[in-house]
Every structure is written in C-alpha cells, then in structure tokens.
$ cat upload-v9.tsv   # TSV, C-alpha atoms
chain	number	residue	atom	x	y	z
A	1	VAL	CA	-14.29	22.67	13.97
A	2	THR	CA	-14.91	19.86	16.45
A	3	LEU	CA	-14.33	16.47	14.92
A	4	ARG	CA	-17.41	14.29	15.28
A	5	ARG	CA	-18.96	11.20	13.75
A	6	LEU	CA	-21.20	11.82	10.78
A	7	THR	CA	-24.91	11.39	11.38
A	8	ALA	CA	-26.92	8.79	9.47
A	9	GLU	CA	-28.39	11.63	7.42
A	10	GLU	CA	-24.98	13.02	6.55
A	11	ILE	CA	-23.86	9.56	5.50
A	12	GLU	CA	-26.87	9.18	3.19
A	13	GLN	CA	-26.01	12.50	1.58
A	14	ALA	CA	-22.34	11.46	1.26
A	15	LYS	CA	-23.32	8.25	-0.53
A	16	ARG	CA	-24.96	10.37	-3.20
A	17	ASP	CA	-21.94	12.71	-3.45
A	18	LEU	CA	-19.34	9.94	-3.58
A	19	PRO	CA	-20.76	7.18	-5.79
A	20	ALA	CA	-17.33	5.63	-6.44
A	21	TRP	CA	-16.85	4.82	-2.75
A	22	ARG	CA	-18.16	1.83	-0.83
A	23	PHE	CA	-19.64	2.80	2.50
A	24	GLU	CA	-18.71	0.12	5.03
A	25	SER	CA	-19.49	0.09	8.74
A	26	ASP	CA	-16.84	2.51	9.99
A	27	ARG	CA	-15.04	3.48	6.82
A	28	ILE	CA	-15.30	4.23	3.14
A	29	ALA	CA	-13.27	2.36	0.53
A	30	ARG	CA	-12.48	2.73	-3.12
A	31	SER	CA	-10.72	0.42	-5.58
A	32	LEU	CA	-8.68	1.95	-8.38
A	33	LYS	CA	-7.24	0.31	-11.46
A	34	LEU	CA	-4.65	2.24	-13.42
A	35	LYS	CA	-2.68	1.38	-16.57
A	36	ASP	CA	0.39	-0.02	-14.87
A	37	PHE	CA	2.54	0.32	-11.76
A	38	ASN	CA	4.02	3.63	-12.89
A	39	GLU	CA	0.57	5.20	-13.09
A	40	ALA	CA	-0.67	3.57	-9.90
A	41	PHE	CA	2.31	4.69	-7.87
A	42	SER	CA	2.09	8.18	-9.37
A	43	VAL	CA	-1.47	8.43	-8.07
A	44	MET	CA	-0.26	7.11	-4.70
A	45	CYS	CA	2.38	9.88	-4.57
A	46	ARG	CA	-0.29	12.50	-5.13
A	47	ILE	CA	-2.51	10.96	-2.46
A	48	ALA	CA	0.48	10.81	-0.06
A	49	LEU	CA	1.12	14.53	-0.49
A	50	LEU	CA	-2.56	15.21	0.12
A	51	ALA	CA	-2.53	12.99	3.21
A	52	GLU	CA	0.40	14.90	4.69
A	53	LYS	CA	-1.16	18.25	3.87
A	54	LEU	CA	-4.46	17.33	5.50
A	55	ASP	CA	-2.80	15.20	8.21
A	56	HIS	CA	-5.27	12.47	7.36
A	57	HIS	CA	-3.75	9.20	6.17
A	58	PRO	CA	-5.36	6.38	4.24
A	59	GLU	CA	-5.13	2.66	4.91
A	60	TRP	CA	-4.17	1.38	1.50
A	61	SER	CA	-2.62	-1.39	-0.50
A	62	ASN	CA	-1.23	-1.78	-3.98
A	63	VAL	CA	-0.64	-4.70	-6.31
A	64	TYR	CA	0.87	-3.61	-9.64
A	65	ASN	CA	-1.79	-1.38	-11.27
A	66	ARG	CA	-4.40	-1.72	-8.53
A	67	ILE	CA	-4.88	0.38	-5.42
A	68	GLU	CA	-7.31	-0.22	-2.57
A	69	ILE	CA	-7.90	2.83	-0.38
A	70	ALA	CA	-9.85	3.01	2.87
A	71	LEU	CA	-10.57	6.11	4.90
A	72	THR	CA	-11.71	6.29	8.50
A	73	THR	CA	-11.26	8.66	11.43
A	74	HIS	CA	-9.82	6.82	14.42
A	75	ASP	CA	-10.53	9.73	16.76
A	76	VAL	CA	-14.26	9.27	16.30
A	77	SER	CA	-14.16	5.49	15.66
A	78	GLY	CA	-15.99	5.98	12.39
A	79	LEU	CA	-16.54	8.45	9.58
A	80	SER	CA	-16.04	12.19	9.95
A	81	ALA	CA	-16.10	15.13	7.56
A	82	ARG	CA	-12.36	14.64	7.10
A	83	ASP	CA	-12.96	11.33	5.32
A	84	LEU	CA	-15.44	12.86	2.92
A	85	ASP	CA	-13.13	15.79	2.21
A	86	MET	CA	-10.24	13.42	1.52
A	87	ALA	CA	-12.42	11.17	-0.67
A	88	ARG	CA	-13.53	14.14	-2.77
A	89	ARG	CA	-9.95	15.27	-3.23
A	90	ILE	CA	-8.84	11.76	-4.21
A	91	ASP	CA	-11.66	11.58	-6.76
A	92	ALA	CA	-10.52	14.94	-8.16
A	93	LEU	CA	-6.95	13.82	-8.81
A	94	ILE	CA	-7.66	10.45	-10.42
A	95	PRO	CA	-6.84	10.58	-14.15
B	1	VAL	CA	18.60	-16.89	-16.79
B	2	THR	CA	15.51	-19.07	-16.83
B	3	LEU	CA	13.06	-18.14	-14.12
B	4	ARG	CA	12.29	-21.15	-11.95
B	5	ARG	CA	10.95	-21.94	-8.50
B	6	LEU	CA	13.53	-22.11	-5.76
B	7	THR	CA	14.34	-25.58	-4.47
B	8	ALA	CA	13.74	-26.50	-0.82
B	9	GLU	CA	17.47	-26.28	-0.26
B	10	GLU	CA	17.69	-22.81	-1.78
B	11	ILE	CA	14.81	-21.71	0.43
B	12	GLU	CA	16.57	-22.99	3.56
B	13	GLN	CA	19.67	-21.02	2.58
B	14	ALA	CA	17.54	-17.93	1.90
B	15	LYS	CA	15.96	-18.12	5.36
B	16	ARG	CA	19.43	-17.77	6.84
B	17	ASP	CA	20.32	-14.88	4.51
B	18	LEU	CA	17.09	-12.95	5.06
B	19	PRO	CA	16.23	-13.25	8.76
B	20	ALA	CA	13.91	-10.23	8.68
B	21	TRP	CA	11.55	-11.95	6.23
B	22	ARG	CA	8.79	-14.41	6.98
B	23	PHE	CA	8.81	-17.36	4.61
B	24	GLU	CA	5.21	-18.25	3.84
B	25	SER	CA	3.95	-20.94	1.46
B	26	ASP	CA	4.43	-19.13	-1.85
B	27	ARG	CA	5.86	-15.82	-0.80
B	28	ILE	CA	8.08	-13.94	1.60
B	29	ALA	CA	6.82	-11.05	3.71
B	30	ARG	CA	8.31	-8.36	5.88
B	31	SER	CA	6.71	-5.81	8.22
B	32	LEU	CA	8.32	-2.42	8.61
B	33	LYS	CA	7.66	0.27	11.16
B	34	LEU	CA	9.09	3.72	10.52
B	35	LYS	CA	8.90	6.95	12.50
B	36	ASP	CA	5.89	8.42	10.76
B	37	PHE	CA	4.08	8.56	7.43
B	38	ASN	CA	6.72	10.78	5.87
B	39	GLU	CA	9.43	8.20	6.53
B	40	ALA	CA	7.25	5.26	5.59
B	41	PHE	CA	6.22	6.75	2.27
B	42	SER	CA	9.81	7.79	1.56
B	43	VAL	CA	10.83	4.14	1.91
B	44	MET	CA	7.91	3.17	-0.33
B	45	CYS	CA	9.15	5.59	-2.99
B	46	ARG	CA	12.57	3.99	-2.93
B	47	ILE	CA	11.05	0.51	-3.16
B	48	ALA	CA	8.82	1.67	-6.04
B	49	LEU	CA	11.84	2.88	-8.01
B	50	LEU	CA	13.56	-0.45	-7.35
B	51	ALA	CA	10.44	-2.35	-8.41
B	52	GLU	CA	10.32	-0.51	-11.72
B	53	LYS	CA	14.03	-0.97	-12.33
B	54	LEU	CA	13.85	-4.71	-11.67
B	55	ASP	CA	10.37	-5.06	-13.17
B	56	HIS	CA	9.37	-6.97	-10.06
B	57	HIS	CA	6.57	-5.43	-8.02
B	58	PRO	CA	5.62	-6.04	-4.41
B	59	GLU	CA	2.19	-6.64	-2.96
B	60	TRP	CA	2.13	-4.13	-0.17
B	61	SER	CA	0.05	-2.07	2.18
B	62	ASN	CA	0.60	0.94	4.38
B	63	VAL	CA	-1.10	2.37	7.45
B	64	TYR	CA	0.59	5.55	8.69
B	65	ASN	CA	4.11	4.50	9.75
B	66	ARG	CA	3.72	0.80	8.99
B	67	ILE	CA	4.38	-1.05	5.75
B	68	GLU	CA	3.65	-4.69	4.96
B	69	ILE	CA	5.52	-6.03	1.94
B	70	ALA	CA	5.10	-9.40	0.25
B	71	LEU	CA	7.11	-10.75	-2.64
B	72	THR	CA	6.23	-13.62	-4.92
B	73	THR	CA	6.84	-14.59	-8.54
B	74	HIS	CA	3.55	-15.22	-10.29
B	75	ASP	CA	5.29	-16.74	-13.34
B	76	VAL	CA	6.51	-19.65	-11.23
B	77	SER	CA	3.60	-19.65	-8.73
B	78	GLY	CA	6.04	-19.31	-5.87
B	79	LEU	CA	9.44	-17.98	-4.94
B	80	SER	CA	12.21	-17.34	-7.44
B	81	ALA	CA	15.65	-15.76	-7.26
B	82	ARG	CA	14.00	-12.44	-8.17
B	83	ASP	CA	12.19	-12.35	-4.82
B	84	LEU	CA	15.40	-12.94	-2.89
B	85	ASP	CA	17.23	-10.28	-4.90
B	86	MET	CA	14.43	-7.79	-4.29
B	87	ALA	CA	14.29	-8.65	-0.57
B	88	ARG	CA	18.04	-8.09	-0.18
B	89	ARG	CA	17.79	-4.74	-1.92
B	90	ILE	CA	14.85	-3.69	0.25
B	91	ASP	CA	16.81	-4.66	3.38
B	92	ALA	CA	19.73	-2.57	2.13
B	93	LEU	CA	17.72	0.63	1.75
B	94	ILE	CA	15.84	0.55	5.06
B	95	PRO	CA	17.16	3.26	7.38
$ encode --input "upload-v9.tsv" --output "structure tokens"
Amino acid sequence: VTLRRLTAEEIEQAKRDLPAWRFESDRIARSLKLKDFNEAFSVMCRIALLAEKLDHHPEWSNVYNRIEIALTTHDVSGLSARDLDMARRIDALIP
Amino acid sequence: VTLRRLTAEEIEQAKRDLPAWRFESDRIARSLKLKDFNEAFSVMCRIALLAEKLDHHPEWSNVYNRIEIALTTHDVSGLSARDLDMARRIDALIP
C-alpha cells in the first residue's frame, strides 16, 4: 500500500471513529491519565511493543500517571492510515 | 533525612559532578540520543524501574531514539538531593 496523506474526507471520518483523539494540524494527540506511574509505564510498554511491531513510533511524554501521545507520519508530513491504525490499537489496549 | 532545597553552594558542586546535565531554574535536564527506538525504550525501562525503586519519577519525553529527561522535587519546589542521586544513577546506566 502506498503511504499517502489522508484526504479531508478521510479525516472527518476518522474524527468520528476516534473521539478520544484531538485532531491537530498534522497530527493526532491523546492524553491519558492512569492510576499511578506503574500503570502508566505499563501502558507505555505495551505501546512500545506495538510501535516496534508496526514500525510506527509515537512522540510522547510522561509525568507520573499521565501520558501525552502524538502520532504523525513524517514521510507524508501529516496524517496517514498508519496513524489511525496505531490510534485504534492504542485505544484497544487502554485499561 | 529531611528533604530540603539544595543550597547555591551544593548546586555549584553538583554542576561539576554532573556535567551531562543542564541546570535550569528549578530542575535539571539531560538529552539522550540512542541508536534506535529499541535502545531508547530499553534505557527508559531501566530508568522506570529506578524511578519506582526510589519513588522519584522523571518528567520525560521520547521521539524515536531521543529521550529528554527532567528531574525536580515538587515537595521543595526545586532541586533536592534526590534529583542528584537519580541523575547519577541515570548516568551510570546509560550505555
């Protein structure tokens, strides 16, 4: 599959499918709040494994029980189907 | 040991002991660049275990092979001996 930027229509559809994500200009972002650092870092480990499997890595930060995750596709300078796929998988693993 | 803010003199000494760290107003920060995501996240796992053991958690972010780590002690609104201890231990585990 050729990697390409999502169309405006595809982005509108994605907003409906991924209500937990903020759609910013060239990326999508989600904030997570877990119980404590143990739970937050456990989620980060699962996301890290996913990132390696899909070869698609988040830009993310963590402060104690909070995680900020952003997804973008540098090769298309914006959003691609890979970001939506990753976002769906992240949503699926959050406790 | 009572947790207290480091004195100006202690901070000057710490700057000499921790040359890899940037001393900012109320925190110390270090940037790391590893080979790839696998190595970066492996280092993050080791730091996470250390953070739990010491009950002192970093504010940090990661983009692929890069990690930004900041340490501060909220209970004293600045730097304490716990930050220096953590920084030394982080330096010791970096490959």
$ calpha_fit_and_write --input "upload-v9.tsv" --fixed "chain B" --moving "chain A" --output "short mmCIF file (atom, residue, chain, number, x, y, z; two decimals) with C-alpha atoms, in the coordinates of the input"
data_model
loop_
_atom_site.label_atom_id
_atom_site.label_comp_id
_atom_site.auth_asym_id
_atom_site.auth_seq_id
_atom_site.Cartn_x
_atom_site.Cartn_y
_atom_site.Cartn_z
CA VAL A 1 18.60 -16.87 -16.81
CA THR A 2 15.50 -19.06 -16.84
CA LEU A 3 13.08 -18.14 -14.11
CA ARG A 4 12.30 -21.14 -11.93
CA ARG A 5 10.95 -21.95 -8.50
CA LEU A 6 13.53 -22.12 -5.75
CA THR A 7 14.34 -25.58 -4.45
CA ALA A 8 13.73 -26.51 -0.82
CA GLU A 9 17.48 -26.28 -0.26
CA GLU A 10 17.68 -22.82 -1.77
CA ILE A 11 14.81 -21.71 0.44
CA GLU A 12 16.58 -23.00 3.56
CA GLN A 13 19.66 -21.02 2.58
CA ALA A 14 17.53 -17.92 1.89
CA LYS A 15 15.97 -18.13 5.35
CA ARG A 16 19.44 -17.79 6.82
CA ASP A 17 20.33 -14.88 4.50
CA LEU A 18 17.09 -12.97 5.05
CA PRO A 19 16.24 -13.26 8.76
CA ALA A 20 13.91 -10.23 8.69
CA TRP A 21 11.55 -11.94 6.23
CA ARG A 22 8.79 -14.42 6.98
CA PHE A 23 8.81 -17.35 4.61
CA GLU A 24 5.20 -18.26 3.84
CA SER A 25 3.96 -20.94 1.45
CA ASP A 26 4.45 -19.14 -1.86
CA ARG A 27 5.86 -15.81 -0.80
CA ILE A 28 8.08 -13.93 1.60
CA ALA A 29 6.81 -11.04 3.71
CA ARG A 30 8.30 -8.35 5.86
CA SER A 31 6.71 -5.81 8.21
CA LEU A 32 8.34 -2.42 8.61
CA LYS A 33 7.68 0.27 11.18
CA LEU A 34 9.09 3.71 10.51
CA LYS A 35 8.90 6.96 12.49
CA ASP A 36 5.88 8.43 10.76
CA PHE A 37 4.08 8.56 7.42
CA ASN A 38 6.72 10.78 5.85
CA GLU A 39 9.42 8.21 6.54
CA ALA A 40 7.24 5.25 5.59
CA PHE A 41 6.21 6.75 2.28
CA SER A 42 9.80 7.79 1.57
CA VAL A 43 10.84 4.15 1.92
CA MET A 44 7.91 3.17 -0.32
CA CYS A 45 9.15 5.61 -3.00
CA ARG A 46 12.58 4.00 -2.93
CA ILE A 47 11.06 0.52 -3.15
CA ALA A 48 8.82 1.68 -6.04
CA LEU A 49 11.84 2.87 -8.02
CA LEU A 50 13.56 -0.44 -7.34
CA ALA A 51 10.45 -2.35 -8.41
CA GLU A 52 10.32 -0.51 -11.73
CA LYS A 53 14.03 -0.97 -12.32
CA LEU A 54 13.86 -4.71 -11.67
CA ASP A 55 10.36 -5.05 -13.17
CA HIS A 56 9.38 -6.95 -10.06
CA HIS A 57 6.57 -5.42 -8.02
CA PRO A 58 5.62 -6.03 -4.41
CA GLU A 59 2.17 -6.63 -2.97
CA TRP A 60 2.13 -4.12 -0.16
CA SER A 61 0.05 -2.06 2.19
CA ASN A 62 0.61 0.94 4.39
CA VAL A 63 -1.09 2.37 7.45
CA TYR A 64 0.59 5.56 8.69
CA ASN A 65 4.12 4.50 9.75
CA ARG A 66 3.72 0.80 8.98
CA ILE A 67 4.38 -1.05 5.75
CA GLU A 68 3.65 -4.69 4.97
CA ILE A 69 5.52 -6.03 1.94
CA ALA A 70 5.09 -9.40 0.25
CA LEU A 71 7.12 -10.74 -2.64
CA THR A 72 6.24 -13.63 -4.91
CA THR A 73 6.85 -14.58 -8.54
CA HIS A 74 3.55 -15.23 -10.31
CA ASP A 75 5.29 -16.76 -13.33
CA VAL A 76 6.52 -19.66 -11.22
CA SER A 77 3.60 -19.66 -8.73
CA GLY A 78 6.04 -19.34 -5.86
CA LEU A 79 9.44 -17.98 -4.92
CA SER A 80 12.20 -17.34 -7.44
CA ALA A 81 15.64 -15.75 -7.26
CA ARG A 82 13.99 -12.45 -8.17
CA ASP A 83 12.19 -12.36 -4.82
CA LEU A 84 15.39 -12.93 -2.89
CA ASP A 85 17.23 -10.29 -4.90
CA MET A 86 14.43 -7.79 -4.28
CA ALA A 87 14.29 -8.66 -0.56
CA ARG A 88 18.03 -8.10 -0.19
CA ARG A 89 17.79 -4.74 -1.92
CA ILE A 90 14.85 -3.69 0.26
CA ASP A 91 16.81 -4.67 3.38
CA ALA A 92 19.74 -2.57 2.11
CA LEU A 93 17.71 0.62 1.75
CA ILE A 94 15.83 0.52 5.05
CA PRO A 95 17.14 3.25 7.39
#
$ interface_residues --input "upload-v9.tsv" --of "chain A" --to "chain B" --cutoff "12 Å" --atoms "all atoms listed in the file" --output "PyMOL selection string"
chain A and resi 36-42+44-53+55-72+74
$ closest_residue --input "upload-v9.tsv" --among "A:Leu84, A:Thr73, A:Gly78, A:Leu34" --to "A:Gln13" --atoms "only C-alpha atoms"
A:Leu84
$ residues_around --input "upload-v9.tsv" --residues "B:Thr7" --least-positions-apart "4" --cutoff "12 Å" --atoms "all atoms listed in the file" --output "JSON, numbers by chain"
{"B": [11, 12, 13, 14, 76, 78, 79, 80, 81]}
$ write_last_selection --input "upload-v9.tsv" --atoms "C-alpha atoms" --output "PDB file, in the frame of the given file"
ATOM      1  CA  ILE B  11      14.810 -21.710   0.430  1.00  0.00           C
ATOM      2  CA  GLU B  12      16.570 -22.990   3.560  1.00  0.00           C
ATOM      3  CA  GLN B  13      19.670 -21.020   2.580  1.00  0.00           C
ATOM      4  CA  ALA B  14      17.540 -17.930   1.900  1.00  0.00           C
ATOM      5  CA  VAL B  76       6.510 -19.650 -11.230  1.00  0.00           C
ATOM      6  CA  GLY B  78       6.040 -19.310  -5.870  1.00  0.00           C
ATOM      7  CA  LEU B  79       9.440 -17.980  -4.940  1.00  0.00           C
ATOM      8  CA  SER B  80      12.210 -17.340  -7.440  1.00  0.00           C
ATOM      9  CA  ALA B  81      15.650 -15.760  -7.260  1.00  0.00           C
TER      10      ALA B  81
END
$ residues_around --input "upload-v9.tsv" --residues "B:Leu93" --least-positions-apart "2" --cutoff "8 Å" --atoms "all atoms listed in the file" --output "number ranges by chain"
B: 43, 46, 89-91, 95
$ closest_residue --input "upload-v9.tsv" --among "B:Thr2, B:Leu54, B:Ala87, B:Ala92" --to "B:Arg27" --atoms "all atoms listed in the file"
B:Ala87
